[in-house]
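File shown: target08.cif (mmCIF, C-alpha atoms and all ligand atoms).
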data_input
#
loop_
_atom_site.label_atom_id
_atom_site.label_comp_id
_atom_site.auth_asym_id
_atom_site.auth_seq_id
_atom_site.Cartn_x
_atom_site.Cartn_y
_atom_site.Cartn_z
CA MET J 1 -14.38 -72.38 69.55
CA LYS J 2 -16.45 -71.35 66.55
CA GLN J 3 -18.41 -68.14 67.08
CA ALA J 4 -22.20 -68.36 66.98
CA CYS J 5 -24.03 -66.94 64.00
CA GLY J 6 -27.66 -66.05 63.49
CA VAL J 7 -30.11 -65.60 60.65
CA ILE J 8 -33.09 -63.32 61.27
CA PHE J 9 -35.94 -63.62 58.80
CA ASP J 10 -38.64 -61.12 58.14
CA LEU J 11 -41.89 -63.09 57.84
CA ASP J 12 -44.39 -61.41 55.48
CA GLY J 13 -43.11 -61.76 51.91
CA VAL J 14 -40.00 -63.73 52.95
CA LEU J 15 -41.02 -67.04 54.53
CA THR J 16 -44.58 -66.87 53.24
CA ASP J 17 -46.55 -64.72 50.84
CA THR J 18 -48.75 -62.97 53.39
CA ALA J 19 -48.08 -59.81 51.33
CA GLU J 20 -50.84 -61.17 49.05
CA LEU J 21 -53.19 -61.76 52.02
CA HIS J 22 -52.53 -58.23 53.33
CA TYR J 23 -53.39 -56.98 49.82
CA GLN J 24 -56.65 -58.98 49.68
CA SER J 25 -57.70 -57.62 53.08
CA TRP J 26 -56.88 -53.98 52.26
CA LEU J 27 -58.73 -54.40 48.96
CA ARG J 28 -61.81 -55.73 50.79
CA LEU J 29 -61.74 -52.77 53.22
CA ALA J 30 -61.23 -50.29 50.36
CA GLU J 31 -64.20 -51.79 48.48
CA GLU J 32 -66.35 -51.52 51.61
CA LEU J 33 -65.39 -47.83 51.84
CA GLY J 34 -65.88 -47.23 48.10
CA ILE J 35 -62.19 -46.38 47.60
CA SER J 36 -60.17 -47.59 44.62
CA PHE J 37 -57.15 -49.74 45.45
CA ASP J 38 -54.93 -51.97 43.33
CA ARG J 39 -51.77 -54.07 43.43
CA GLN J 40 -49.59 -51.19 42.36
CA ARG J 41 -50.71 -49.04 45.29
CA ASN J 42 -50.35 -52.07 47.55
CA GLU J 43 -46.60 -52.25 46.76
CA ALA J 44 -46.14 -49.08 48.85
CA LEU J 45 -47.47 -50.96 51.90
CA ARG J 46 -44.82 -53.69 51.98
CA GLY J 47 -43.21 -53.60 55.43
CA ILE J 48 -45.33 -50.62 56.54
CA SER J 49 -47.25 -50.77 59.86
CA ARG J 50 -51.02 -51.30 59.92
CA GLY J 51 -51.84 -47.71 60.96
CA GLU J 52 -49.52 -46.14 58.40
CA SER J 53 -50.83 -48.49 55.70
CA LEU J 54 -54.40 -47.36 56.41
CA LYS J 55 -53.38 -43.73 55.90
CA ILE J 56 -51.87 -44.66 52.52
CA VAL J 57 -55.02 -46.63 51.53
CA LEU J 58 -57.26 -43.70 52.53
CA GLY J 59 -55.01 -41.18 50.75
CA GLU J 60 -56.50 -37.68 50.76
CA ARG J 61 -59.59 -38.99 52.56
CA ALA J 62 -57.58 -39.77 55.70
CA VAL J 63 -58.24 -36.28 57.13
CA LYS J 64 -62.01 -36.95 57.02
CA TYR J 65 -61.73 -39.67 59.66
CA GLY J 66 -60.87 -39.20 63.33
CA ALA J 67 -58.46 -41.43 65.27
CA ASP J 68 -61.26 -43.68 66.62
CA GLU J 69 -62.75 -44.21 63.15
CA GLN J 70 -59.34 -45.03 61.73
CA ALA J 71 -58.66 -47.47 64.57
CA ALA J 72 -61.99 -49.21 63.81
CA MET J 73 -61.10 -49.45 60.11
CA ALA J 74 -57.67 -50.90 60.89
CA GLU J 75 -59.34 -53.41 63.20
CA LYS J 76 -61.77 -54.39 60.43
CA LYS J 77 -58.94 -54.91 57.95
CA ASN J 78 -57.24 -57.06 60.56
CA ARG J 79 -60.34 -59.25 60.93
CA HIS J 80 -60.36 -59.75 57.15
CA TYR J 81 -56.65 -60.62 57.31
CA GLN J 82 -57.01 -63.07 60.19
CA GLU J 83 -59.80 -64.90 58.31
CA LEU J 84 -57.28 -65.55 55.53
CA VAL J 85 -54.40 -66.37 57.90
CA ASP J 86 -56.53 -68.98 59.64
CA ARG J 87 -56.72 -70.92 56.36
CA MET J 88 -52.92 -71.06 55.98
CA THR J 89 -50.92 -74.27 56.24
CA GLN J 90 -47.26 -75.23 55.80
CA ALA J 91 -47.96 -75.50 52.04
CA ASP J 92 -48.06 -71.68 52.04
CA MET J 93 -44.32 -71.37 52.72
CA LEU J 94 -42.50 -69.65 49.85
CA PRO J 95 -40.21 -71.83 47.66
CA GLY J 96 -36.98 -72.74 49.45
CA ALA J 97 -38.12 -71.47 52.87
CA LEU J 98 -38.66 -74.80 54.61
CA ASP J 99 -35.46 -76.36 53.21
CA LEU J 100 -33.45 -73.32 54.30
CA LEU J 101 -34.87 -73.39 57.84
CA ARG J 102 -34.10 -77.11 58.11
CA GLY J 103 -30.60 -76.60 56.71
CA LEU J 104 -29.89 -73.83 59.23
CA ARG J 105 -31.05 -76.11 62.08
CA THR J 106 -28.76 -78.89 60.89
CA ALA J 107 -25.84 -76.41 60.59
CA GLY J 108 -26.41 -75.21 64.19
CA VAL J 109 -27.20 -71.64 63.12
CA ARG J 110 -29.53 -69.77 65.49
CA VAL J 111 -32.68 -68.62 63.72
CA ALA J 112 -35.25 -65.96 64.54
CA VAL J 113 -38.21 -64.25 62.93
CA ALA J 114 -38.50 -60.46 63.38
CA SER J 115 -41.70 -58.97 61.98
CA SER J 116 -43.53 -55.67 62.51
CA SER J 117 -46.79 -57.61 62.27
CA ARG J 118 -48.89 -58.16 65.37
CA ASN J 119 -50.10 -61.37 63.70
CA ALA J 120 -46.68 -62.95 63.20
CA LYS J 121 -46.99 -65.55 65.98
CA ARG J 122 -50.37 -66.62 64.61
CA VAL J 123 -48.87 -67.00 61.10
CA VAL J 124 -45.87 -68.97 62.45
CA ASP J 125 -48.25 -71.36 64.22
CA HIS J 126 -50.26 -71.94 61.04
CA LEU J 127 -47.04 -72.60 59.12
CA ASN J 128 -46.11 -75.07 61.87
CA ILE J 129 -42.46 -73.91 61.98
CA ARG J 130 -42.06 -73.09 65.70
CA ASP J 131 -39.64 -75.98 66.21
CA LEU J 132 -37.36 -74.57 63.47
CA LEU J 133 -37.13 -71.15 65.16
CA ASP J 134 -35.27 -70.08 68.30
CA ALA J 135 -37.18 -66.81 68.72
CA VAL J 136 -40.14 -64.93 67.24
CA ILE J 137 -40.15 -61.16 67.84
CA ASP J 138 -43.09 -59.21 66.46
CA GLY J 139 -45.23 -56.10 66.72
CA THR J 140 -46.63 -57.29 70.05
CA ASP J 141 -43.13 -57.05 71.58
CA THR J 142 -42.39 -53.44 70.58
CA GLU J 143 -44.32 -50.56 69.03
CA ARG J 144 -41.26 -49.51 67.02
CA SER J 145 -41.72 -50.79 63.50
CA LYS J 146 -39.11 -50.99 60.75
CA PRO J 147 -37.07 -49.01 59.59
CA ASP J 148 -36.34 -48.69 63.31
CA PRO J 149 -33.77 -51.44 64.13
CA THR J 150 -35.38 -52.42 67.46
CA LEU J 151 -37.12 -55.61 66.19
CA PHE J 152 -33.85 -56.97 64.76
CA LEU J 153 -31.82 -55.99 67.83
CA MET J 154 -34.39 -57.70 70.09
CA ALA J 155 -34.21 -60.83 67.90
CA ALA J 156 -30.38 -60.87 68.07
CA ALA J 157 -30.54 -60.55 71.86
CA ALA J 158 -33.14 -63.33 72.05
CA ILE J 159 -30.88 -65.74 70.15
CA ASP J 160 -27.79 -64.41 71.97
CA VAL J 161 -25.80 -63.55 68.82
CA PRO J 162 -24.05 -60.16 68.39
CA PRO J 163 -25.56 -58.05 65.56
CA ARG J 164 -22.35 -58.21 63.46
CA ARG J 165 -22.73 -62.05 63.41
CA CYS J 166 -26.37 -61.85 62.22
CA ILE J 167 -27.80 -61.88 58.71
CA VAL J 168 -31.19 -60.33 58.04
CA VAL J 169 -33.36 -61.58 55.15
CA GLU J 170 -35.87 -58.92 54.06
CA ASP J 171 -38.25 -58.15 51.20
CA ALA J 172 -39.16 -54.55 52.11
CA GLU J 173 -37.20 -51.35 51.69
CA SER J 174 -38.03 -50.33 55.29
CA GLY J 175 -36.83 -53.74 56.50
CA VAL J 176 -33.54 -53.53 54.60
CA ASP J 177 -32.94 -50.12 56.21
CA ALA J 178 -33.79 -51.54 59.65
CA GLY J 179 -31.28 -54.37 59.19
CA LEU J 180 -28.55 -51.95 58.09
CA ALA J 181 -29.34 -49.65 61.04
CA ALA J 182 -28.99 -52.69 63.35
CA GLY J 183 -25.43 -53.20 62.03
CA MET J 184 -26.29 -56.56 60.45
CA THR J 185 -25.51 -58.10 57.07
CA VAL J 186 -28.63 -57.78 54.91
CA VAL J 187 -29.89 -60.04 52.13
CA GLY J 188 -32.66 -58.38 50.12
CA LEU J 189 -35.32 -60.52 48.46
CA GLY J 190 -36.90 -59.02 45.36
CA PRO J 191 -36.13 -56.38 42.75
CA ARG J 192 -33.11 -54.06 43.16
CA SER J 193 -35.47 -51.09 42.87
CA ARG J 194 -36.92 -52.21 46.23
CA VAL J 195 -34.10 -53.93 48.13
CA GLY J 196 -31.03 -52.59 46.31
CA ARG J 197 -29.50 -51.11 49.47
CA ALA J 198 -28.95 -54.65 50.86
CA HIS J 199 -25.46 -56.20 50.87
CA ARG J 200 -26.74 -59.02 48.60
CA VAL J 201 -29.88 -59.24 46.47
CA CYS J 202 -31.70 -62.51 45.62
CA GLU J 203 -34.82 -63.30 43.65
CA SER J 204 -35.83 -66.25 45.81
CA LEU J 205 -34.82 -68.16 48.95
CA THR J 206 -33.94 -71.12 46.70
CA GLU J 207 -30.70 -69.22 45.92
CA LEU J 208 -29.62 -69.39 49.58
CA THR J 209 -28.21 -72.28 51.60
CA ALA J 210 -27.14 -72.49 55.24
CA ALA J 211 -23.51 -72.94 54.13
CA ARG J 212 -23.62 -69.83 51.93
CA LEU J 213 -25.09 -67.69 54.71
CA VAL J 214 -22.51 -68.89 57.26
CA GLN J 215 -19.77 -68.13 54.72
CA MET J 216 -21.11 -64.59 54.32
CA ILE J 217 -20.94 -64.04 58.07
CA ASP J 218 -17.47 -65.56 58.44
CA ARG J 219 -15.96 -63.70 55.49
CA GLY J 220 -17.57 -60.38 56.30
CA ARG J 221 -19.93 -58.42 54.13
CA THR J 222 -19.92 -58.27 50.41
CA PRO J 223 -20.31 -54.60 49.46
CA PRO J 224 -23.69 -53.71 47.91
C1 LIG J 301 -45.50 -56.21 57.88
C2 LIG J 301 -46.20 -56.27 56.53
O1 LIG J 301 -44.74 -57.37 58.06
O2 LIG J 301 -46.46 -56.11 58.92
C3 LIG J 301 -47.14 -55.09 56.38
O3 LIG J 301 -45.23 -56.26 55.50
C4 LIG J 301 -48.11 -55.04 57.56
O4 LIG J 301 -47.85 -55.24 55.16
C5 LIG J 301 -47.32 -54.98 58.86
O5 LIG J 301 -48.95 -53.88 57.46
C6 LIG J 301 -48.24 -54.97 60.09
O6 LIG J 301 -48.94 -56.19 60.12
P1 LIG J 301 -50.22 -56.50 61.00
O7 LIG J 301 -50.44 -57.98 60.81
O8 LIG J 301 -49.87 -56.17 62.43
O9 LIG J 301 -51.34 -55.66 60.50
MG MG J 302 -41.83 -58.36 54.58
#

With the file now loaded, output its structure as structure tokens.
Ligand code: BG6
Ligand code: MG
Amino acid sequence: MKQACGVIFDLDGVLTDTAELHYQSWLRLAEELGISFDRQRNEALRGISRGESLKIVLGERAVKYGADEQAAMAEKKNRHYQELVDRMTQADMLPGALDLLRGLRTAGVRVAVASSSRNAKRVVDHLNIRDLLDAVIDGTDTERSKPDPTLFLMAAAAIDVPPRRCIVVEDAESGVDAGLAAGMTVVGLGPRSRVGRAHRVCESLTELTAARLVQMIDRGRTPP
């Protein structure tokens, strides 16, 4: 009998461009605090947890604020973010994402989302893709964020596929490292400077098909 295989997608910046919405919300918070913030500084936040991202946004000013104040700021940023998320629809999927999810379903590949975000389930519902996913594991299921492998290992367990038969698709350096630490094959989405440690690097999901991903799992990893 053919062995099961699984594909585990990161969400933000892979299935949908929430990276832009996170940027808009951090920018709004930074403006409210009178702090300068731009897209270049935002790049450092890709895949980084909300609390850690706030420290990066605050920079040297972080020491001026106590834990309660920082928690309130992070909460405020999250309200800004959720306002934007609540306007999302399936049209906000990144190119190739919906076709790939449908192709994986047809091919009988088990599919999960594993995201550090505590908003991932909300985003998935707005994208209306629940029926194309077998599991959604996010920051509400564990406090360990990437590069810790826990989210990916939980996703593999949820879809009942051993890690060595799973492929991770990631756009963040911390996520690529988490996938490697989980013992999975990793496809990096984006520039080599960011995701170059992955086994394969792609510019866009349009370069991937269900058949190609299954082949990668069956043949074993292509060296980076
Ligand atoms: C990651 C994003 O997926 O989730 C980060 O790449 C974000 O930008 C992190 O900070 C946590 O998300 P949230 O929605 O819980 O603030
Ligand atoms: Mg991401």

Restrict the calculation to only C-alpha atoms and all ligand atoms, then for each residue of chain J with any atom at most 9 Å from an atom of ligand MG 302 (chain J) give the closest atom pair and their distance in Å to one decimal, rows by chain and rising residue number, as a tab-separated table.
residue	atom	partner	partner_atom	distance
J:Phe9	CA	J:MG302	MG	9.0
J:Asp10	CA	J:MG302	MG	5.5
J:Leu11	CA	J:MG302	MG	5.7
J:Asp12	CA	J:MG302	MG	4.1
J:Gly13	CA	J:MG302	MG	4.5
J:Val14	CA	J:MG302	MG	5.9
J:Leu15	CA	J:MG302	MG	8.7
J:Asp17	CA	J:MG302	MG	8.8
J:Thr18	CA	J:MG302	MG	8.4
J:Ala19	CA	J:MG302	MG	7.2
J:Arg46	CA	J:MG302	MG	6.1
J:Gly47	CA	J:MG302	MG	5.0
J:Ile48	CA	J:MG302	MG	8.7
J:Ser115	CA	J:MG302	MG	7.4
J:Ser116	CA	J:MG302	MG	8.5
J:Glu170	CA	J:MG302	MG	6.0
J:Asp171	CA	J:MG302	MG	4.9
J:Ala172	CA	J:MG302	MG	5.3
J:Glu173	CA	J:MG302	MG	8.9
J:Ser174	CA	J:MG302	MG	8.9
J:Gly175	CA	J:MG302	MG	7.1

Grab all the atoms of ligand LIG 301 (chain J) that the file lists, wrap them in a box along x, y and z, add 6 Å per side, and give me centre plus edge lengths in Å (one decimal) as lines of an AutoDock Vina configuration file.
center_x = -48.0
center_y = -55.9
center_z = 58.8
size_x = 18.6
size_y = 16.1
size_z = 19.3

Here atom C3 of ligand LIG 301 (chain J) and atom CA of Ile217 of chain J stand apart by 27.7 Å

- Counting all atoms listed in the file, what is within 7 Å of segment 161-165 of chain J, bar same-chain residues fewer than 3 positions away, as a list of chain:residue names?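 Residues meeting the cut-off are J:Ala4, J:Cys5, J:Gly6, J:Leu153, J:Ala156, J:Ala157, J:Ala182, J:Gly183, J:Met184, J:Ile217.
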
In terms of all atoms listed in the file, the residue from J:Arg41, J:Arg61, J:Arg102, J:Lys146 at minimal distance from ligand LIG 301 (chain J) is J:Lys146

Go through J:Arg212, J:Arg200, J:Arg110, J:Lys55 one by one, measure the shortest atom-to-atom distance of each to ligand LIG 301 (chain J) using all atoms listed in the file, and give the residue with the smallest value.
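Ranked by minimum distance to ligand LIG 301 (chain J), first place goes to J:Lys55.
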
task = Kindly give the distance, in Å, that separates atom CA of Leu58 of chain J and atom CA of Phe37 of chain J, rounded to a single decimal.
result =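 Computed distance, atom CA of Leu58 of chain J to atom CA of Phe37 of chain J, equals 9.3 Å.
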
What gap, in Å, lies between atom CA of Val124 of chain J and atom CA of Glu31 of chain J?
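These two atoms are separated by 28.7 Å.
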
For Val186 of chain J, list every protein, DNA or RNA residue within 10 Å, evaluated using all atoms listed in the file, and leave out those in the same chain fewer than 3 positions away; present the list as a PyMOL selection string.
-> chain J and resi 7-8+166-170+175-180+182-183+189+195+197-201+221-222+224

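Distances from J:Leu100, J:Leu27, J:Val136, J:Leu21 to ligand LIG 301 (chain J) were compared using all atoms listed in the file, and the smallest one belongs to J:Leu21.
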
Using only C-alpha atoms and all ligand atoms, the shortest atom-to-atom distance to ligand LIG 301 (chain J) among J:Asp141, J:Asp68, J:Asp218, J:Asp131 belongs to J:Asp141

Just the residues within 8 Å of Leu29 of chain J, please, counting all atoms listed in the file, with nothing from its chain fewer than 3 positions along; format it as a ChimeraX atom specification.
/J:25-26,32-33,73,76-77

Using all atoms listed in the file, which residues sit within 8 Å of Leu127 of chain J once same-chain residues fewer than 4 positions away are excluded, as JSON, numbers by chain?
{"J": [88, 89, 90, 91, 92, 93, 123]}

Item to check | Which residue of J:Ile35, J:Ala158, J:Val187, J:Ala120 approaches ligand LIG 301 (chain J) most closely, using all atoms listed in the file | outcome: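 Counting all atoms listed in the file, the residue closest to ligand LIG 301 (chain J) is J:Ala120.
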
Closest of J:Glu20, J:Asp160, J:Asp125, J:Asp99 to ligand LIG 301 (chain J), counting all atoms listed in the file, is J:Glu20

_Contacts of Ile137 of chain J at 8 Å (all atoms listed in the file; same-chain gap of 5+ positions) as a PyMOL selection string_ = chain J and resi 112-115+151+154-155

Write a file of the selected residues as a tab-separated table (two decimals), in the coordinates of the input, keeping C-alpha atoms.
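Heads up, here's the output in part04.tsv:
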chain	number	residue	atom	x	y	z
J	112	ALA	CA	-35.25	-65.96	64.54
J	113	VAL	CA	-38.21	-64.25	62.93
J	114	ALA	CA	-38.50	-60.46	63.38
J	115	SER	CA	-41.70	-58.97	61.98
J	151	LEU	CA	-37.12	-55.61	66.19
J	154	MET	CA	-34.39	-57.70	70.09
J	155	ALA	CA	-34.21	-60.83	67.90
